[in-house]
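*Asks:* Dropping a structure here in structure tokens format, bear with me for questions.
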Amino acid sequence: EIYTLSLHDALPISIHTPMLVPAFRRCVWREVLPLTVGATVAVPIGVRILLVAEPLLLRWLISAMVLAGVVLMASGWRYRRAPSLAASAAVGGLSGLAGGIASLFGPPVILFWLGGPGDAMTVRANVFAFLGLATAVGGITYGLNGMFTLPLLRAALLLAPVFGLATWIGSRLFAAASERQFRILAFLLCGVVAVGALPLWQRL
């Protein structure tokens, strides 16, 4: 069976460029780089798993993992001490696996940083910087495995303006949100992504 990328993967990374530049300036690189290294190692592994494993089982596992993280973070649990490099790299590796398997780079790192003491601006910058780098790694890996198709790219180009508009709206909402509202919305979005990825909906 030949697997192709989701529409999200095929959307041009240039859409994120206006947000990547300030994110690269604002992010905490000592927090971003260990996760990026972990993801870079894990993305090819995730892609190979995707190509040989049962996709239905993978979707259940990843959705369950993200939902468990949302529940844990929403319960109020936080880590107070700075995570070790090994722990950060492991979270990056988990994100890389999820990204390689199902294009879900974001939820593991978002939940990881939301569980720490960082403020909303730092968390947002870290997430954007990481996703920019991880998406580039993912795109190269997908391309080397022949996972881009012309029909998919055409559909992605048609959807790119909608994706860009949604990104712009999200940035405006962030500017108006309080620290508490930001965390609540981030948890909700991660939860919606996890629920939306469940195989329950594929026959609806």
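Just so we're on the same page: first chain in the structure tokens is A, next is B, and so on; residues restart at 1 for each chain, and ligands are numbered from 1 in the order they show up.
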List the spatial neighbours of Pro199 of chain A as a compact mmCIF listing (two decimals) with N, CA, C and O atoms, in the first residue's frame - criterion: any atom at most 12 Å away, only C-alpha atoms, same-chain residues fewer than 2 positions off excluded.

*Replies:*
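The resulting file, result_27.txt, is shown below:
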```
# COMPACT_ATOMS: atom_id res chain seq x y z
N PRO A 55 -2.36 1.08 9.78
CA PRO A 55 -2.66 2.50 10.00
C PRO A 55 -3.78 2.73 11.02
O PRO A 55 -3.75 3.71 11.76
N LEU A 56 -4.77 1.85 11.06
CA LEU A 56 -5.87 2.02 12.00
C LEU A 56 -5.37 1.96 13.44
O LEU A 56 -5.74 2.79 14.28
N LEU A 57 -4.51 1.00 13.72
CA LEU A 57 -3.96 0.87 15.06
C LEU A 57 -3.12 2.09 15.43
O LEU A 57 -3.19 2.60 16.55
N LEU A 58 -2.34 2.59 14.47
CA LEU A 58 -1.50 3.76 14.72
C LEU A 58 -2.35 4.98 15.06
O LEU A 58 -2.00 5.76 15.96
N ARG A 59 -3.45 5.16 14.36
CA ARG A 59 -4.31 6.30 14.64
C ARG A 59 -4.90 6.22 16.04
O ARG A 59 -4.97 7.22 16.76
N TRP A 60 -5.32 5.02 16.46
CA TRP A 60 -5.83 4.87 17.81
C TRP A 60 -4.77 5.18 18.86
O TRP A 60 -5.03 5.88 19.84
N LEU A 61 -3.57 4.67 18.65
CA LEU A 61 -2.50 4.85 19.63
C LEU A 61 -2.12 6.32 19.78
O LEU A 61 -1.98 6.83 20.89
N ILE A 62 -1.96 7.02 18.66
CA ILE A 62 -1.53 8.42 18.72
C ILE A 62 -2.63 9.29 19.30
O ILE A 62 -2.38 10.17 20.14
N SER A 63 -3.87 9.07 18.89
CA SER A 63 -4.98 9.85 19.44
C SER A 63 -5.11 9.63 20.94
O SER A 63 -5.31 10.58 21.70
N ALA A 64 -4.98 8.39 21.37
CA ALA A 64 -5.06 8.09 22.80
C ALA A 64 -3.92 8.75 23.57
O ALA A 64 -4.13 9.28 24.68
N ALA A 194 -6.84 15.50 18.59
CA ALA A 194 -6.78 14.08 18.95
C ALA A 194 -8.10 13.38 18.66
O ALA A 194 -8.13 12.28 18.10
N VAL A 195 -9.21 14.02 19.02
CA VAL A 195 -10.53 13.42 18.77
C VAL A 195 -10.80 13.34 17.27
O VAL A 195 -11.31 12.34 16.76
N GLY A 196 -10.42 14.40 16.54
CA GLY A 196 -10.64 14.42 15.10
C GLY A 196 -9.86 13.36 14.37
O GLY A 196 -10.24 12.92 13.28
N ALA A 197 -8.72 12.95 14.94
CA ALA A 197 -7.89 11.92 14.30
C ALA A 197 -8.35 10.50 14.58
O ALA A 197 -7.85 9.55 13.99
N TRP A 201 -14.51 8.41 12.89
CA TRP A 201 -15.21 9.31 11.97
C TRP A 201 -15.02 8.93 10.51
O TRP A 201 -15.61 9.56 9.64
N GLN A 202 -14.19 7.95 10.20
CA GLN A 202 -13.84 7.72 8.81
C GLN A 202 -15.01 7.19 7.97
O GLN A 202 -14.98 7.30 6.73
N ARG A 203 -16.05 6.66 8.60
CA ARG A 203 -17.20 6.17 7.84
C ARG A 203 -18.37 7.14 7.86
O ARG A 203 -19.42 6.84 7.29
N LEU A 204 -18.19 8.28 8.54
CA LEU A 204 -19.27 9.26 8.62
C LEU A 204 -19.30 10.13 7.39
O LEU A 204 -18.30 10.37 6.77
```

*Asks:* Show me, as a list in words, the residues that have an atom within 10 Å of segment 170-176 of chain A when counting only C-alpha atoms, minus same-chain residues fewer than 5 positions from it.

*Replies:*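 In the requested form, the answer reads Met19, Ala120, Met121, Arg124, Gly164, Leu165, Gln181, Phe182 and Leu185 of chain A.
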
*Asks:* One number please: atom CA of Gly96 of chain A to atom CA of Ile49 of chain A, in Å, one decimal.

*Replies:* 11.9 Å

*Asks:* Taking only C-alpha atoms into account, name the residue in A:Trp168, A:Phe112, A:Trp29, A:Phe163 that is nearest to Leu94 of chain A.

*Replies:*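 The answer is A:Phe112, which sits nearest to Leu94 of chain A.
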
*Asks:* Which parts of segment 10-198 of chain A does DSSP call alpha helix (DSSP H) when run on the backbone here, written out as JSON, numbers by chain?

*Replies:* {"A": [10, 17, 18, 19, 20, 21, 22, 23, 24, 25, 26, 29, 30, 31, 32, 33, 34, 35, 36, 37, 38, 39, 40, 41, 42, 43, 44, 45, 46, 47, 48, 49, 50, 51, 52, 55, 56, 57, 58, 59, 60, 61, 62, 63, 64, 65, 66, 67, 68, 69, 70, 71, 72, 73, 74, 85, 86, 87, 88, 89, 90, 91, 92, 93, 94, 95, 96, 97, 98, 99, 100, 101, 102, 106, 107, 108, 109, 110, 111, 112, 113, 114, 120, 121, 122, 123, 124, 125, 126, 127, 128, 129, 130, 131, 132, 133, 134, 135, 136, 137, 138, 139, 140, 141, 142, 143, 144, 150, 151, 152, 153, 154, 155, 156, 157, 158, 159, 160, 161, 162, 163, 164, 165, 166, 167, 168, 169, 170, 171, 172, 173, 174, 175, 176, 179, 180, 181, 182, 183, 184, 185, 186, 187, 188, 189, 190, 191, 192, 193, 194, 195, 196]}

*Asks:* Near Val43 of chain A, counting only C-alpha atoms, which residues have an atom at most 6 Å away, once you skip same-chain residues fewer than 4 positions from it, shown as a VMD selection string?

*Replies:* chain A and resid 39 96 to 97 100

*Asks:* Could the residues in this selection be written to a file with C-alpha atoms, as a compact mmCIF listing (two decimals), in the first residue's frame?

*Replies:*
```txt
# COMPACT_ATOMS: atom_id res chain seq x y z
CA ALA A 39 12.48 14.82 16.33
CA GLY A 96 8.94 13.16 15.57
CA LEU A 97 7.36 9.71 15.72
CA GLY A 100 6.30 10.81 10.84
```

*Asks:* What's the separation between atom CA of Tyr79 of chain A and atom CA of Leu189 of chain A, in Å to one decimal place?

*Replies:* 21.3 Å

*Asks:* Choose the residue, out of A:Leu35, A:Ile184, A:Pro44, A:Gly92, that has the smallest atom-to-atom separation from Gly143 of chain A; count only C-alpha atoms.

*Replies:*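 Checking each of A:Leu35, A:Ile184, A:Pro44, A:Gly92 against Gly143 of chain A, counting only C-alpha atoms, the winner is A:Pro44.
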